[in-house]
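Asker: Could you have a look at this structure, given as structure tokens, before my questions?
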Amino acid sequence: MVRKILQKYGIQGGCHDQHFLIDERILDSIAEEANLSENDVVLEIGGGIGNLTERLLEKAGKVIVIELDPKLVDVLHDRFSDNEKLEIIPGDVLKVDLPEFNKVVANLPYSISSPITFKLFEHDFELGVLMYQYEFAQRMVAEANTEDYSRLSVNTHYFADASILMKIPPSAFSPPPEVWSAVVKVVPRPSPFHVDEPEFFLNLVTAGFLQRRKKLRNAIIKGNHLLKVPNIKQIVDELPEEQMNKRAENLEPHELADIANHICKMKNAM
């Protein structure tokens with residue numbers, strides 16, 4: 001079915017990070033994992049030729065698709081012109097204002113996975129079923145003291161619970177990408193640890209992992225262009241030596257939050 005649609009509209013793929021999922025069973029599984037009902041407003045990022053869109057429309061009350069490629073926008077309009085439950089927003093997802101939605105289901109463009117994910121975290125939604133490059137998905141769910149643990153791991157843990165639902169081979173796409181993919185379930189929730197100043201905490205995490213091979217003390221000092229803390233050397237010298245002598249990759253998210261909170265209190269008291 002999917003191959004016939006590609007042939008009908010003369011769609012090749014390969015540009016704009018386009019790799020169309022053609023495995024019908026995986027498409028069905030993604031839609032099922034979203035647990036949709038008529039009460040749901042679903043955001044789909046990168047609707048492509050609509051192979052996932054049609055499955056979302058079967059169960060959701062409304063589906064809003066953001067699609068960059070004008071040719072694919074035309075395909076979506078042609079295929080679903082009679083479906084009043086579909087709204088199509090042409091444009092770049094990183095530049096448009098996201099509409100109100102409670103679930104997001106998408107095969108994300110891999111080259112901009114990180115900024116899209118962080119943009120989604122700024123919005124209030126119940127559930128995400130999102131496809132990423134497999135290595136990116138591994139970093140999302142990684143724990144401290146592992147090779148894949150990163151800024152992405154900490155930030156994801158701050159905003160949501162994330163788990164890998166399935167690993168997908170290149171053969172499931174047309175054209176096949178050079179990498180494996182993974183579908184990740186994302187459930188936003190309140191942070192399990194307290195953060196005094198969220199923006200400062202996220203900047204501290206960025207600073208720590210920009211210099212991930214350095215001890216946290218040196219990483220914070222080197223990354224103070226992000227933190228903008230006067231007398232940063234004096235402040236880190238007053239923080240627990242045991243933590244300052246570790247690398248960011250060796251600290252749990254709540255430990256990094258504690259350090260951020262300590263620095264905030266000290267800088268605000270100056």
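Letters for chains follow the order of the structure tokens (A, B, ...), residue numbers begin at 1 for each chain, and ligand numbers begin at 1 in the order shown.
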Compile a residue-level contact table for segment 45-160 of chain A against segment 25-35 of chain A at a cut-off of 9 Å, reporting for every qualifying residue the shortest atom pair and its distance in Å to one decimal, with only C-alpha atoms counted, rows ordered by chain and ascending number, as a tab-separated table.
Answerer:
```
residue	atom	partner	partner_atom	distance
A:Asn51	CA	A:Leu27	CA	7.6
A:Leu52	CA	A:Leu27	CA	6.1
A:Arg55	CA	A:Ala31	CA	6.3
A:Leu56	CA	A:Ala31	CA	6.2
A:Lys59	CA	A:Asn35	CA	8.7
A:Lys103	CA	A:Ala34	CA	7.6
A:Val104	CA	A:Ala34	CA	8.3
A:Val105	CA	A:Ala34	CA	7.2
A:Ala106	CA	A:Ile30	CA	8.9
A:Leu127	CA	A:Ala34	CA	7.3
A:Gly128	CA	A:Ala34	CA	7.4
A:Val129	CA	A:Ala34	CA	6.3
A:Leu130	CA	A:Ile30	CA	8.5
```
Asker: Identify all residues of segment 30-269 of chain A in helix (DSSP H, G or I) (DSSP on the backbone) and supply them as a VMD selection string.
Answerer: chain A and resid 30 to 33 53 to 59 70 to 79 110 to 121 134 to 141 151 to 159 170 to 172 198 to 210 216 to 222 224 to 227 232 to 237 241 to 244 248 to 250 253 to 269
Asker: Would you put the residues from that selection into a file with C-alpha atoms, as an mmCIF file, in the first residue's frame?
Answerer:
```
data_model
loop_
_atom_site.group_PDB
_atom_site.id
_atom_site.type_symbol
_atom_site.label_atom_id
_atom_site.label_comp_id
_atom_site.auth_asym_id
_atom_site.auth_seq_id
_atom_site.Cartn_x
_atom_site.Cartn_y
_atom_site.Cartn_z
ATOM 1 C CA ILE A 30 3.049 3.057 16.437
ATOM 2 C CA ALA A 31 -0.599 4.083 16.144
ATOM 3 C CA GLU A 32 -1.609 1.475 18.731
ATOM 4 C CA GLU A 33 1.039 2.666 21.209
ATOM 5 C CA THR A 53 -1.528 10.111 9.316
ATOM 6 C CA GLU A 54 -4.287 7.852 7.992
ATOM 7 C CA ARG A 55 -3.915 5.545 10.987
ATOM 8 C CA LEU A 56 -4.065 8.457 13.416
ATOM 9 C CA LEU A 57 -7.193 9.827 11.729
ATOM 10 C CA GLU A 58 -8.988 6.507 12.227
ATOM 11 C CA LYS A 59 -8.979 6.868 16.024
ATOM 12 C CA PRO A 70 5.376 21.740 -0.286
ATOM 13 C CA LYS A 71 5.100 18.677 -2.529
ATOM 14 C CA LEU A 72 4.170 16.501 0.425
ATOM 15 C CA VAL A 73 1.724 19.132 1.662
ATOM 16 C CA ASP A 74 -0.019 18.757 -1.709
ATOM 17 C CA VAL A 75 -0.050 14.974 -1.334
ATOM 18 C CA LEU A 76 -1.657 15.231 2.112
ATOM 19 C CA HIS A 77 -4.295 17.654 0.840
ATOM 20 C CA ASP A 78 -5.055 15.348 -2.088
ATOM 21 C CA ARG A 79 -5.264 12.173 -0.011
ATOM 22 C CA TYR A 110 16.813 12.839 12.560
ATOM 23 C CA SER A 111 19.044 15.819 11.779
ATOM 24 C CA ILE A 112 16.992 18.096 14.056
ATOM 25 C CA SER A 113 15.845 15.551 16.653
ATOM 26 C CA SER A 114 17.384 17.430 19.571
ATOM 27 C CA PRO A 115 15.868 20.902 18.989
ATOM 28 C CA ILE A 116 12.479 19.391 18.143
ATOM 29 C CA THR A 117 12.501 17.324 21.335
ATOM 30 C CA PHE A 118 13.434 20.292 23.515
ATOM 31 C CA LYS A 119 10.754 22.394 21.819
ATOM 32 C CA LEU A 120 8.174 19.709 22.604
ATOM 33 C CA PHE A 121 9.273 19.665 26.245
ATOM 34 C CA TYR A 134 18.602 4.482 17.520
ATOM 35 C CA GLU A 135 21.748 6.062 18.973
ATOM 36 C CA PHE A 136 19.782 9.209 19.854
ATOM 37 C CA ALA A 137 17.122 7.101 21.566
ATOM 38 C CA GLN A 138 19.804 5.336 23.591
ATOM 39 C CA ARG A 139 21.092 8.697 24.830
ATOM 40 C CA MET A 140 17.582 9.763 25.821
ATOM 41 C CA VAL A 141 17.148 6.820 28.193
ATOM 42 C CA ARG A 151 23.026 16.284 28.397
ATOM 43 C CA LEU A 152 20.091 14.759 26.498
ATOM 44 C CA SER A 153 19.741 12.014 29.133
ATOM 45 C CA VAL A 154 19.617 14.512 32.015
ATOM 46 C CA ASN A 155 17.240 16.910 30.276
ATOM 47 C CA THR A 156 14.899 14.105 29.234
ATOM 48 C CA HIS A 157 14.842 12.755 32.800
ATOM 49 C CA TYR A 158 14.049 16.243 34.078
ATOM 50 C CA PHE A 159 11.000 16.610 31.835
ATOM 51 C CA PRO A 170 16.725 0.400 7.759
ATOM 52 C CA SER A 171 14.779 -2.024 5.538
ATOM 53 C CA ALA A 172 11.517 -0.737 7.036
ATOM 54 C CA PRO A 198 15.200 25.656 35.593
ATOM 55 C CA GLU A 199 17.041 27.683 32.933
ATOM 56 C CA PHE A 200 20.156 27.864 35.098
ATOM 57 C CA PHE A 201 19.999 24.122 35.776
ATOM 58 C CA LEU A 202 19.749 23.301 32.064
ATOM 59 C CA ASN A 203 22.664 25.639 31.315
ATOM 60 C CA LEU A 204 24.750 23.984 34.025
ATOM 61 C CA VAL A 205 24.031 20.573 32.495
ATOM 62 C CA THR A 206 25.092 21.926 29.092
ATOM 63 C CA ALA A 207 28.311 23.341 30.556
ATOM 64 C CA GLY A 208 29.105 20.069 32.310
ATOM 65 C CA PHE A 209 28.729 17.921 29.211
ATOM 66 C CA LEU A 210 30.440 20.352 26.840
ATOM 67 C CA LEU A 216 32.925 19.239 36.963
ATOM 68 C CA ARG A 217 34.777 22.059 38.726
ATOM 69 C CA ASN A 218 36.769 22.863 35.581
ATOM 70 C CA ALA A 219 33.783 22.288 33.297
ATOM 71 C CA ILE A 220 31.707 24.815 35.245
ATOM 72 C CA ILE A 221 34.483 27.406 35.160
ATOM 73 C CA LYS A 222 35.058 26.875 31.428
ATOM 74 C CA ASN A 224 30.638 30.166 32.805
ATOM 75 C CA HIS A 225 29.844 32.013 29.569
ATOM 76 C CA LEU A 226 26.545 30.081 29.797
ATOM 77 C CA LEU A 227 26.048 30.557 33.539
ATOM 78 C CA ILE A 232 32.551 31.457 39.806
ATOM 79 C CA LYS A 233 35.939 30.115 40.923
ATOM 80 C CA GLN A 234 35.295 31.203 44.488
ATOM 81 C CA ILE A 235 31.841 29.604 44.441
ATOM 82 C CA VAL A 236 32.916 26.198 43.074
ATOM 83 C CA ASP A 237 35.715 26.105 45.656
ATOM 84 C CA GLU A 241 34.871 18.523 46.760
ATOM 85 C CA GLU A 242 33.622 14.988 46.172
ATOM 86 C CA GLN A 243 31.141 16.227 43.543
ATOM 87 C CA MET A 244 33.438 18.828 42.021
ATOM 88 C CA ALA A 248 29.188 15.311 34.765
ATOM 89 C CA GLU A 249 28.739 11.816 33.310
ATOM 90 C CA ASN A 250 29.295 10.353 36.801
ATOM 91 C CA PRO A 253 20.405 14.193 37.422
ATOM 92 C CA HIS A 254 19.311 15.025 40.970
ATOM 93 C CA GLU A 255 22.962 15.554 41.990
ATOM 94 C CA LEU A 256 23.466 18.013 39.140
ATOM 95 C CA ALA A 257 20.278 19.750 40.258
ATOM 96 C CA ASP A 258 21.613 20.025 43.813
ATOM 97 C CA ILE A 259 24.805 21.628 42.510
ATOM 98 C CA ALA A 260 22.817 24.080 40.368
ATOM 99 C CA ASN A 261 20.653 24.985 43.364
ATOM 100 C CA HIS A 262 23.716 25.561 45.556
ATOM 101 C CA ILE A 263 25.317 27.859 42.975
ATOM 102 C CA CYS A 264 22.038 29.782 42.541
ATOM 103 C CA LYS A 265 21.742 30.384 46.271
ATOM 104 C CA MET A 266 25.347 31.533 46.537
ATOM 105 C CA LYS A 267 25.239 33.863 43.535
ATOM 106 C CA ASN A 268 21.928 35.365 44.662
ATOM 107 C CA ALA A 269 23.363 36.012 48.112
#
```
Asker: Between A:Asn231, A:Ile5, A:Gln211, A:Glu24, which one has atoms that come closest to Gly50 of chain A, using only C-alpha atoms?
Answerer: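 Between A:Asn231, A:Ile5, A:Gln211, A:Glu24, the residue approaching Gly50 of chain A most closely is A:Ile5.
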Asker: So what do you get for atom CA of Val93 of chain A versus atom CA of Val41 of chain A, distance-wise?
Answerer: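 One can read the atom CA of Val93 of chain A to atom CA of Val41 of chain A distance as 17.1 Å.
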Asker: Which one is closest to Glu67 of chain A: A:Leu36, A:Glu126, A:Leu108, A:Ser81? Count only C-alpha atoms.
Answerer: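 Counting only C-alpha atoms, the residue closest to Glu67 of chain A is A:Leu108.
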Asker: Give me, as a short mmCIF file (atom, residue, chain, number, x, y, z; two decimals) with N, CA and C atoms, in the first residue's frame, the residues of segment 4-220 of chain A that a backbone DSSP run labels strand (DSSP E or B).
Answerer:
```cif
data_model
loop_
_atom_site.label_atom_id
_atom_site.label_comp_id
_atom_site.auth_asym_id
_atom_site.auth_seq_id
_atom_site.Cartn_x
_atom_site.Cartn_y
_atom_site.Cartn_z
N PHE A 20 10.68 7.27 4.23
CA PHE A 20 9.28 6.95 4.50
C PHE A 20 9.15 5.55 5.06
N LEU A 21 8.48 5.44 6.21
CA LEU A 21 8.24 4.15 6.84
C LEU A 21 7.22 3.38 6.00
N VAL A 41 -6.28 15.17 20.58
CA VAL A 41 -5.77 16.03 19.51
C VAL A 41 -4.30 15.66 19.33
N VAL A 42 -3.97 15.11 18.16
CA VAL A 42 -2.65 14.55 17.92
C VAL A 42 -1.84 15.48 17.01
N LEU A 43 -0.62 15.76 17.43
CA LEU A 43 0.32 16.49 16.58
C LEU A 43 1.23 15.49 15.89
N GLU A 44 1.30 15.56 14.57
CA GLU A 44 2.25 14.76 13.81
C GLU A 44 3.25 15.69 13.14
N ILE A 45 4.51 15.46 13.38
CA ILE A 45 5.57 16.28 12.81
C ILE A 45 6.17 15.56 11.61
N LYS A 62 -8.84 14.67 16.35
CA LYS A 62 -8.25 15.63 15.42
C LYS A 62 -6.78 15.32 15.27
N VAL A 63 -6.26 15.51 14.06
CA VAL A 63 -4.84 15.33 13.78
C VAL A 63 -4.32 16.61 13.12
N ILE A 64 -3.25 17.15 13.69
CA ILE A 64 -2.62 18.36 13.14
C ILE A 64 -1.23 17.96 12.63
N VAL A 65 -1.00 18.13 11.34
CA VAL A 65 0.26 17.75 10.73
C VAL A 65 1.06 18.99 10.36
N ILE A 66 2.33 19.00 10.77
CA ILE A 66 3.26 20.04 10.33
C ILE A 66 4.19 19.42 9.30
N GLU A 67 4.20 19.96 8.10
CA GLU A 67 5.00 19.39 7.01
C GLU A 67 5.76 20.49 6.28
N LEU A 86 -8.57 16.56 9.91
CA LEU A 86 -7.17 16.86 9.64
C LEU A 86 -6.94 18.34 9.41
N GLU A 87 -5.91 18.87 10.10
CA GLU A 87 -5.42 20.22 9.85
C GLU A 87 -3.96 20.12 9.44
N ILE A 88 -3.59 20.79 8.36
CA ILE A 88 -2.22 20.75 7.85
C ILE A 88 -1.59 22.13 8.01
N ILE A 89 -0.43 22.16 8.66
CA ILE A 89 0.32 23.41 8.84
C ILE A 89 1.60 23.30 8.01
N PRO A 90 1.68 24.01 6.88
CA PRO A 90 2.93 23.99 6.10
C PRO A 90 4.01 24.80 6.81
N LYS A 103 -1.33 14.79 22.48
CA LYS A 103 -0.44 13.69 22.14
C LYS A 103 0.35 14.06 20.88
N VAL A 104 1.57 13.56 20.80
CA VAL A 104 2.39 13.80 19.61
C VAL A 104 2.91 12.45 19.13
N VAL A 105 2.72 12.19 17.84
CA VAL A 105 3.15 10.93 17.23
C VAL A 105 3.86 11.30 15.94
N ALA A 106 5.11 10.85 15.80
CA ALA A 106 5.86 11.33 14.63
C ALA A 106 7.10 10.51 14.35
N ASN A 107 7.44 10.44 13.07
CA ASN A 107 8.74 9.96 12.61
C ASN A 107 9.58 11.21 12.40
N LEU A 127 1.38 12.48 26.12
CA LEU A 127 2.10 11.30 25.61
C LEU A 127 2.74 11.61 24.27
N GLY A 128 3.95 11.11 24.10
CA GLY A 128 4.62 11.16 22.80
C GLY A 128 5.06 9.78 22.38
N VAL A 129 4.82 9.44 21.13
CA VAL A 129 5.35 8.21 20.53
C VAL A 129 6.17 8.67 19.33
N LEU A 130 7.49 8.68 19.50
CA LEU A 130 8.37 9.38 18.59
C LEU A 130 9.48 8.48 18.08
N MET A 131 9.74 8.58 16.78
CA MET A 131 10.81 7.78 16.18
C MET A 131 12.07 8.63 16.03
N TYR A 132 13.18 8.04 16.48
CA TYR A 132 14.48 8.69 16.42
C TYR A 132 15.51 7.73 15.82
N GLN A 133 16.68 8.27 15.49
CA GLN A 133 17.82 7.41 15.23
C GLN A 133 18.10 6.63 16.51
N ALA A 160 10.56 14.21 31.59
CA ALA A 160 9.66 13.11 31.25
C ALA A 160 10.25 11.74 31.56
N ASP A 161 9.38 10.74 31.59
CA ASP A 161 9.82 9.35 31.57
C ASP A 161 9.91 8.92 30.11
N ALA A 162 11.00 8.26 29.76
CA ALA A 162 11.20 7.84 28.37
C ALA A 162 11.64 6.39 28.33
N SER A 163 11.12 5.65 27.36
CA SER A 163 11.50 4.24 27.21
C SER A 163 11.47 3.86 25.74
N ILE A 164 12.37 2.99 25.34
CA ILE A 164 12.42 2.53 23.95
C ILE A 164 11.40 1.40 23.77
N LEU A 165 10.50 1.59 22.82
CA LEU A 165 9.45 0.60 22.57
C LEU A 165 9.87 -0.45 21.56
N MET A 166 10.58 -0.03 20.54
CA MET A 166 10.99 -0.98 19.49
C MET A 166 12.17 -0.43 18.71
N LYS A 167 13.00 -1.33 18.22
CA LYS A 167 14.13 -1.00 17.37
C LYS A 167 13.77 -1.38 15.94
N ILE A 168 14.06 -0.49 15.00
CA ILE A 168 13.57 -0.66 13.63
C ILE A 168 14.73 -0.65 12.63
N PHE A 173 12.17 1.24 5.76
CA PHE A 173 11.97 2.57 5.17
C PHE A 173 12.27 2.56 3.67
N SER A 174 11.72 3.57 3.00
CA SER A 174 12.05 3.83 1.60
C SER A 174 12.33 5.33 1.44
N SER A 181 16.74 2.69 13.59
CA SER A 181 15.85 3.65 14.24
C SER A 181 15.23 3.02 15.48
N ALA A 182 14.57 3.84 16.27
CA ALA A 182 13.87 3.35 17.45
C ALA A 182 12.66 4.21 17.73
N VAL A 183 11.60 3.59 18.21
CA VAL A 183 10.40 4.31 18.64
C VAL A 183 10.49 4.47 20.15
N VAL A 184 10.33 5.71 20.61
CA VAL A 184 10.46 6.03 22.03
C VAL A 184 9.12 6.53 22.57
N LYS A 185 8.73 6.01 23.70
CA LYS A 185 7.54 6.50 24.40
C LYS A 185 7.98 7.56 25.40
N VAL A 186 7.38 8.74 25.32
CA VAL A 186 7.73 9.86 26.19
C VAL A 186 6.48 10.28 26.96
N VAL A 187 6.59 10.25 28.28
CA VAL A 187 5.46 10.64 29.13
C VAL A 187 5.90 11.81 30.02
N PRO A 188 5.51 13.04 29.67
CA PRO A 188 5.89 14.19 30.50
C PRO A 188 5.31 14.07 31.91
#
```
Asker: Rounded to one decimal, what separation in Å do you get between atom CA of Gly61 of chain A and atom CA of Asp124 of chain A?
Answerer: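 Spanning atom CA of Gly61 of chain A to atom CA of Asp124 of chain A is a straight-line distance of 18.1 Å.
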Asker: Looking at only C-alpha atoms, which of A:Phe193, A:Asn39, A:Leu68, A:Phe80 is the one that sits closest to Phe101 of chain A?
Answerer: A:Asn39
Asker: Distance atom CA of Asn145 of chain A-atom CA of Arg247 of chain A, one decimal place?
Answerer: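 Taking atom CA of Asn145 of chain A as the start and atom CA of Arg247 of chain A as the end point, the length is 9.5 Å.
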